[in-house]
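Quick look at final_10.pdb (PDB, C-alpha atoms):
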ATOM      1  CA  MET A  18      28.594   9.393  -4.752  1.00  0.00           C
ATOM      2  CA  LYS A  19      28.285  10.371  -8.377  1.00  0.00           C
ATOM      3  CA  THR A  20      26.451   9.008 -11.355  1.00  0.00           C
ATOM      4  CA  SER A  21      25.831  10.260 -14.867  1.00  0.00           C
ATOM      5  CA  GLU A  22      22.216   9.100 -14.923  1.00  0.00           C
ATOM      6  CA  ARG A  23      19.122  11.063 -13.980  1.00  0.00           C
ATOM      7  CA  ILE A  24      18.081   9.819 -10.518  1.00  0.00           C
ATOM      8  CA  ASN A  25      14.302   9.444 -10.067  1.00  0.00           C
ATOM      9  CA  ALA A  26      14.256   7.651  -6.726  1.00  0.00           C
ATOM     10  CA  VAL A  27      16.497   7.309  -3.703  1.00  0.00           C
ATOM     11  CA  VAL A  28      15.975   5.680  -0.305  1.00  0.00           C
ATOM     12  CA  VAL A  29      18.183   5.043   2.740  1.00  0.00           C
ATOM     13  CA  SER A  30      17.975   1.701   4.530  1.00  0.00           C
ATOM     14  CA  PRO A  31      16.597   1.926   8.092  1.00  0.00           C
ATOM     15  CA  ASP A  32      19.893   0.580   9.496  1.00  0.00           C
ATOM     16  CA  GLY A  33      21.769   3.393   7.723  1.00  0.00           C
ATOM     17  CA  ARG A  34      24.172   1.047   5.885  1.00  0.00           C
ATOM     18  CA  TRP A  35      22.814   1.448   2.344  1.00  0.00           C
ATOM     19  CA  ILE A  36      21.539   4.061  -0.051  1.00  0.00           C
ATOM     20  CA  VAL A  37      19.515   2.697  -2.961  1.00  0.00           C
ATOM     21  CA  SER A  38      19.126   4.816  -6.112  1.00  0.00           C
ATOM     22  CA  GLY A  39      17.646   4.348  -9.547  1.00  0.00           C
ATOM     23  CA  GLY A  40      16.665   6.319 -12.594  1.00  0.00           C
ATOM     24  CA  SER A  41      17.080   6.706 -16.319  1.00  0.00           C
ATOM     25  CA  SER A  42      19.788   4.041 -16.689  1.00  0.00           C
ATOM     26  CA  LYS A  43      17.176   1.350 -15.848  1.00  0.00           C
ATOM     27  CA  LYS A  44      19.543   0.126 -13.123  1.00  0.00           C
ATOM     28  CA  VAL A  45      19.307   0.176  -9.346  1.00  0.00           C
ATOM     29  CA  THR A  46      22.537   0.943  -7.499  1.00  0.00           C
ATOM     30  CA  ILE A  47      23.199  -0.029  -3.883  1.00  0.00           C
ATOM     31  CA  TRP A  48      25.687   2.382  -2.312  1.00  0.00           C
ATOM     32  CA  SER A  49      27.630   1.858   0.912  1.00  0.00           C
ATOM     33  CA  THR A  50      27.153   4.802   3.274  1.00  0.00           C
ATOM     34  CA  VAL A  51      30.582   4.023   4.756  1.00  0.00           C
ATOM     35  CA  THR A  52      32.627   4.059   1.545  1.00  0.00           C
ATOM     36  CA  GLN A  53      30.200   6.182  -0.528  1.00  0.00           C
ATOM     37  CA  LYS A  54      30.789   3.782  -3.420  1.00  0.00           C
ATOM     38  CA  GLY A  55      28.379   1.669  -5.429  1.00  0.00           C
ATOM     39  CA  VAL A  56      28.652  -1.948  -4.282  1.00  0.00           C
ATOM     40  CA  ILE A  57      25.888  -3.631  -6.320  1.00  0.00           C
ATOM     41  CA  GLU A  58      24.185  -2.769  -9.581  1.00  0.00           C
ATOM     42  CA  VAL A  59      20.934  -4.490 -10.525  1.00  0.00           C
ATOM     43  CA  ALA A  60      19.865  -4.230 -14.162  1.00  0.00           C
ATOM     44  CA  GLU A  61      16.603  -6.172 -14.451  1.00  0.00           C
ATOM     45  CA  HIS A  62      14.184  -3.416 -15.471  1.00  0.00           C
ATOM     46  CA  THR A  63      13.798  -2.530 -19.159  1.00  0.00           C
ATOM     47  CA  LYS A  64      12.608   1.054 -18.580  1.00  0.00           C
ATOM     48  CA  THR A  65      13.310   3.932 -16.204  1.00  0.00           C
ATOM     49  CA  ILE A  66      13.228   3.278 -12.446  1.00  0.00           C
ATOM     50  CA  CYS A  67      10.490   5.402 -10.848  1.00  0.00           C
ATOM     51  CA  ALA A  68      10.192   4.160  -7.248  1.00  0.00           C
ATOM     52  CA  LEU A  69      12.245   2.449  -4.540  1.00  0.00           C
ATOM     53  CA  ASP A  70      11.797   1.303  -0.959  1.00  0.00           C
ATOM     54  CA  VAL A  71      13.773  -0.708   1.608  1.00  0.00           C
ATOM     55  CA  SER A  72      12.152  -3.112   4.068  1.00  0.00           C
ATOM     56  CA  SER A  73      12.211  -2.181   7.764  1.00  0.00           C
ATOM     57  CA  ASP A  74      14.735  -4.963   8.504  1.00  0.00           C
ATOM     58  CA  SER A  75      17.037  -3.513   5.789  1.00  0.00           C
ATOM     59  CA  LEU A  76      17.329  -6.932   4.107  1.00  0.00           C
ATOM     60  CA  ARG A  77      15.250  -6.317   0.962  1.00  0.00           C
ATOM     61  CA  PHE A  78      14.576  -3.511  -1.470  1.00  0.00           C
ATOM     62  CA  ALA A  79      11.783  -3.035  -3.967  1.00  0.00           C
ATOM     63  CA  SER A  80      11.828  -1.177  -7.269  1.00  0.00           C
ATOM     64  CA  GLY A  81       9.070   0.029  -9.567  1.00  0.00           C
ATOM     65  CA  ALA A  82       9.599   1.103 -13.170  1.00  0.00           C
ATOM     66  CA  GLY A  83       8.244   2.175 -16.517  1.00  0.00           C
ATOM     67  CA  ASP A  84       8.291  -1.450 -17.672  1.00  0.00           C
ATOM     68  CA  LYS A  85       5.077  -1.931 -15.639  1.00  0.00           C
ATOM     69  CA  THR A  86       6.721  -4.139 -13.015  1.00  0.00           C
ATOM     70  CA  ALA A  87       7.680  -4.023  -9.363  1.00  0.00           C
ATOM     71  CA  ARG A  88      10.494  -6.268  -8.171  1.00  0.00           C
ATOM     72  CA  ILE A  89      11.874  -7.315  -4.787  1.00  0.00           C
ATOM     73  CA  PHE A  90      15.573  -8.056  -4.248  1.00  0.00           C
ATOM     74  CA  ASP A  91      18.003  -9.078  -1.517  1.00  0.00           C
ATOM     75  CA  ILE A  92      19.854  -5.874  -0.606  1.00  0.00           C
ATOM     76  CA  THR A  93      23.266  -7.500  -0.024  1.00  0.00           C
ATOM     77  CA  SER A  94      23.377  -9.695  -3.146  1.00  0.00           C
ATOM     78  CA  GLY A  95      21.024  -8.006  -5.617  1.00  0.00           C
ATOM     79  CA  ILE A  96      19.307 -11.349  -6.263  1.00  0.00           C
ATOM     80  CA  ARG A  97      15.606 -11.088  -7.169  1.00  0.00           C
ATOM     81  CA  LEU A  98      13.548 -12.891  -4.531  1.00  0.00           C
ATOM     82  CA  ILE A  99      10.180 -13.334  -6.290  1.00  0.00           C
ATOM     83  CA  PRO A 100       8.938 -13.116  -9.885  1.00  0.00           C
ATOM     84  CA  PRO A 101       8.239  -9.580 -11.180  1.00  0.00           C
ATOM     85  CA  LEU A 102       4.865  -8.153 -10.128  1.00  0.00           C
ATOM     86  CA  GLN A 103       3.060  -7.201 -13.349  1.00  0.00           C
ATOM     87  CA  HIS A 104       0.973  -3.999 -13.479  1.00  0.00           C
ATOM     88  CA  PRO A 105      -1.322  -2.230 -15.991  1.00  0.00           C
ATOM     89  CA  ASN A 106       0.980   0.814 -16.250  1.00  0.00           C
ATOM     90  CA  THR A 107       4.188   2.432 -14.999  1.00  0.00           C
ATOM     91  CA  VAL A 108       4.831   1.643 -11.328  1.00  0.00           C
ATOM     92  CA  VAL A 109       5.359   4.981  -9.568  1.00  0.00           C
ATOM     93  CA  GLY A 110       5.169   3.838  -5.959  1.00  0.00           C
ATOM     94  CA  VAL A 111       6.435   0.896  -3.920  1.00  0.00           C
ATOM     95  CA  LYS A 112       6.187   0.689  -0.134  1.00  0.00           C
ATOM     96  CA  PHE A 113       6.899  -2.183   2.258  1.00  0.00           C
ATOM     97  CA  SER A 114       4.589  -2.468   5.262  1.00  0.00           C
ATOM     98  CA  PRO A 115       6.412  -1.803   8.550  1.00  0.00           C
ATOM     99  CA  ASP A 116       6.260  -5.515   9.466  1.00  0.00           C
ATOM    100  CA  GLY A 117       7.758  -6.418   6.055  1.00  0.00           C
ATOM    101  CA  CYS A 118       4.973  -8.899   5.242  1.00  0.00           C
ATOM    102  CA  ARG A 119       3.306  -6.850   2.493  1.00  0.00           C
ATOM    103  CA  ILE A 120       4.278  -4.486  -0.258  1.00  0.00           C
ATOM    104  CA  ALA A 121       2.005  -1.864  -1.783  1.00  0.00           C
ATOM    105  CA  THR A 122       2.460  -0.627  -5.341  1.00  0.00           C
ATOM    106  CA  ALA A 123       0.911   2.247  -7.256  1.00  0.00           C
ATOM    107  CA  THR A 124       0.655   2.917 -10.975  1.00  0.00           C
ATOM    108  CA  HIS A 125       0.259   6.101 -12.957  1.00  0.00           C
ATOM    109  CA  THR A 126      -2.372   6.992 -15.607  1.00  0.00           C
ATOM    110  CA  SER A 127      -4.368   3.832 -14.862  1.00  0.00           C
ATOM    111  CA  PRO A 128      -4.823   4.593 -11.176  1.00  0.00           C
ATOM    112  CA  PHE A 129      -4.272   1.356  -9.336  1.00  0.00           C
ATOM    113  CA  VAL A 130      -2.917   0.395  -5.927  1.00  0.00           C
ATOM    114  CA  GLY A 131      -2.009  -3.237  -5.323  1.00  0.00           C
ATOM    115  CA  VAL A 132      -1.104  -4.964  -2.079  1.00  0.00           C
ATOM    116  CA  TYR A 133       1.004  -8.118  -2.324  1.00  0.00           C
ATOM    117  CA  ASP A 134       2.514 -10.686  -0.005  1.00  0.00           C
ATOM    118  CA  ALA A 135       6.139  -9.489   0.061  1.00  0.00           C
ATOM    119  CA  ARG A 136       7.549 -13.017   0.338  1.00  0.00           C
ATOM    120  CA  SER A 137       5.472 -14.849  -2.302  1.00  0.00           C
ATOM    121  CA  GLY A 138       4.239 -12.060  -4.598  1.00  0.00           C
ATOM    122  CA  GLU A 139       0.609 -13.183  -4.232  1.00  0.00           C
ATOM    123  CA  GLN A 140      -1.776 -10.273  -4.813  1.00  0.00           C
ATOM    124  CA  LEU A 141      -3.873  -9.697  -1.687  1.00  0.00           C
ATOM    125  CA  PHE A 142      -5.844  -6.559  -2.592  1.00  0.00           C
ATOM    126  CA  GLU A 143      -6.404  -4.210  -5.498  1.00  0.00           C
ATOM    127  CA  ILE A 144      -8.023  -0.778  -5.314  1.00  0.00           C
ATOM    128  CA  SER A 145      -8.655   2.002  -7.786  1.00  0.00           C
ATOM    129  CA  VAL A 146      -8.014   5.617  -6.854  1.00  0.00           C
ATOM    130  CA  ALA A 147      -9.130   8.942  -8.300  1.00  0.00           C
ATOM    131  CA  ALA A 148      -8.907   9.102 -12.095  1.00  0.00           C
ATOM    132  CA  SER A 149      -6.980  12.370 -11.888  1.00  0.00           C
ATOM    133  CA  TRP A 150      -4.309  10.789  -9.721  1.00  0.00           C
ATOM    134  CA  THR A 151      -0.875  12.356 -10.063  1.00  0.00           C
ATOM    135  CA  PRO A 152       1.148  10.925  -7.190  1.00  0.00           C
ATOM    136  CA  ILE A 153       4.092  12.615  -5.532  1.00  0.00           C
ATOM    137  CA  THR A 154       4.671  10.356  -2.516  1.00  0.00           C
ATOM    138  CA  PRO A 155       1.650   8.162  -3.054  1.00  0.00           C
ATOM    139  CA  LEU A 156       1.781   5.415  -0.408  1.00  0.00           C
ATOM    140  CA  SER A 157       2.009   5.250   3.367  1.00  0.00           C
ATOM    141  CA  TRP A 158       1.340   2.469   5.904  1.00  0.00           C
ATOM    142  CA  SER A 159       0.196   2.791   9.511  1.00  0.00           C
ATOM    143  CA  THR A 160       2.778   1.588  12.040  1.00  0.00           C
ATOM    144  CA  ASP A 161       0.740  -1.580  12.748  1.00  0.00           C
ATOM    145  CA  SER A 162       0.801  -2.513   8.996  1.00  0.00           C
ATOM    146  CA  GLN A 163      -3.013  -2.719   8.867  1.00  0.00           C
ATOM    147  CA  LEU A 164      -3.898   0.572   7.147  1.00  0.00           C
ATOM    148  CA  LEU A 165      -2.633   1.721   3.752  1.00  0.00           C
ATOM    149  CA  PHE A 166      -3.107   5.277   2.509  1.00  0.00           C
ATOM    150  CA  ALA A 167      -2.793   6.408  -1.111  1.00  0.00           C
ATOM    151  CA  ALA A 168      -2.685  10.135  -1.879  1.00  0.00           C
ATOM    152  CA  SER A 169      -4.309  11.712  -4.913  1.00  0.00           C
ATOM    153  CA  PRO A 170      -5.366  15.287  -5.735  1.00  0.00           C
ATOM    154  CA  GLY A 171      -8.144  16.235  -3.344  1.00  0.00           C
ATOM    155  CA  GLU A 172      -8.444  12.953  -1.480  1.00  0.00           C
ATOM    156  CA  ILE A 173      -6.795  10.158   0.407  1.00  0.00           C
ATOM    157  CA  THR A 174      -7.836   6.590  -0.328  1.00  0.00           C
ATOM    158  CA  TYR A 175      -7.728   4.409   2.770  1.00  0.00           C
ATOM    159  CA  LEU A 176      -7.528   0.597   2.777  1.00  0.00           C
ATOM    160  CA  ASP A 177      -8.049  -1.363   5.969  1.00  0.00           C
ATOM    161  CA  THR A 178      -6.257  -4.627   5.184  1.00  0.00           C
ATOM    162  CA  SER A 179      -7.781  -6.402   8.198  1.00  0.00           C
ATOM    163  CA  THR A 180     -11.340  -5.954   6.854  1.00  0.00           C
ATOM    164  CA  SER A 181     -10.619  -5.417   3.131  1.00  0.00           C
ATOM    165  CA  SER A 182     -12.629  -2.202   3.344  1.00  0.00           C
ATOM    166  CA  CYS A 183     -11.757   0.895   1.370  1.00  0.00           C
ATOM    167  CA  SER A 184     -12.947   4.503   1.488  1.00  0.00           C
ATOM    168  CA  GLU A 185     -11.969   7.944   0.226  1.00  0.00           C
ATOM    169  CA  TRP A 186     -11.475  11.001   2.383  1.00  0.00           C
ATOM    170  CA  PRO A 187     -11.893  14.356   0.631  1.00  0.00           C
ATOM    171  CA  ILE A 188      -9.139  16.582   2.011  1.00  0.00           C
ATOM    172  CA  HIS A 189      -9.274  19.780  -0.027  1.00  0.00           C
ATOM    173  CA  ASP A 190     -11.825  21.763  -1.929  1.00  0.00           C
ATOM    174  CA  ASN A 191     -10.335  21.790  -5.424  1.00  0.00           C
ATOM    175  CA  ASN A 192     -12.621  24.646  -6.505  1.00  0.00           C
ATOM    176  CA  LYS A 193     -10.869  27.254  -4.364  1.00  0.00           C
TER     177      LYS A 193
END
How does the structure come out when it is put into structure tokens?
Amino acid sequence: MKTSERINAVVVSPDGRWIVSGGSSKKVTIWSTVTQKGVIEVAEHTKTICALDVSSDSLRFASGAGDKTARIFDITSGIRLIPPLQHPNTVVGVKFSPDGCRIATATHTSPFVGVYDARSGEQLFEISVAASWTPITPLSWSTDSQLLFAASPGEITYLDTSTSSCSEWPIHDNNK
């Protein structure tokens, strides 16, 4: 598998059939792991792709980009399934919940984590995280899809979606 673009994000589908990549070309490419060839190209974003994820059933993928949107697509056709999810800044993280019912997104420079219904796009929750947030792998769900964790320098922000409660856990002393 070769491409001339700079790749910023790559994810393998849980069923092992697909590799999804995206980057500076503003396109998402779906690759077959069997043939190692690109089978679908999706060119809906207007700026660099920054984040990708595949749902646990391997039927959908999500992308986040510099155009301040997150989008959800059918993995076998490349058809967008819901309207773009608008954000205040570049979307640097997208993560489906393990049950596939929700998707979490994270932005950069205007630290924001949103939780959306993955089938309708309705925003369910919004939380702010540390102002100094520079995410690397910013989002993670618990296996029961109830707890969302967002990493930032020196702390983890925790959202309990069953109670809509949120708290921060300091994890490192940044002064050392």
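For the choices A:Ile99, A:Val108, A:Ala26, A:Leu165, the atom-to-atom distance to Leu69 in chain A is smallest for A:Ala26 when using all atoms listed in the file.
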**Report entry** Selection near Phe78 in chain A, 10 Å with all atoms listed in the file, sequence-local residues under 2 positions removed, as a list in words
**Finding:** Val28, Ser30, Val37, Val45, Ile47, Leu69, Asp70, Val71, Ser72, Ser73, Ser75, Leu76, Ser80, Arg88, Ile89, Phe90, Asp91, Ile92, Thr93, Gly95, Arg97, Leu98, Val111, Lys112 and Phe113 of chain A
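Relative to CA of Gly138 in chain A, CA of Trp35 in chain A is found at 24.0 Å.
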Query raised in the report: How would you write, as a list in words, the residues chosen by the PyMOL selection byres ((chain A and resi 44) around 6) on this structure?
Result: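 Evaluating the PyMOL selection byres ((chain A and resi 44) around 6) on this file yields Gly39, Ser42, Lys43, Val45, Val59 and Ala60 of chain A.
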Query - Target residues per the PyMOL selection byres ((chain A and resi 162) around 12), formatted as a PyMOL selection string - result: chain A and resi 73+112-121+132+157-161+163-166+176-179
Query raised in the report: What is the CA of Lys64 in chain A to CA of Arg34 in chain A distance in Å?
Result: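 These two atoms are separated by 27.1 Å.
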Query - Selected residue of minimal separation from Ile57 in chain A among A:Thr180, A:Asn25, A:Ser94, A:Ser41, counting only C-alpha atoms - result: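 Checking each of A:Thr180, A:Asn25, A:Ser94, A:Ser41 against Ile57 in chain A, counting only C-alpha atoms, the winner is A:Ser94.
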Query raised in the report: Distance CA of Pro31 in chain A-CA of Trp48 in chain A, one decimal place?
Result: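 Separating CA of Pro31 in chain A from CA of Trp48 in chain A is a distance of 13.8 Å.
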Query - Top pick for closest residue to Glu185 in chain A, considering A:Ala123, A:Ile173, A:Ala135, A:Leu102 and counting all atoms listed in the file - result: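 Using all atoms listed in the file, the shortest distance to Glu185 in chain A belongs to A:Ile173.
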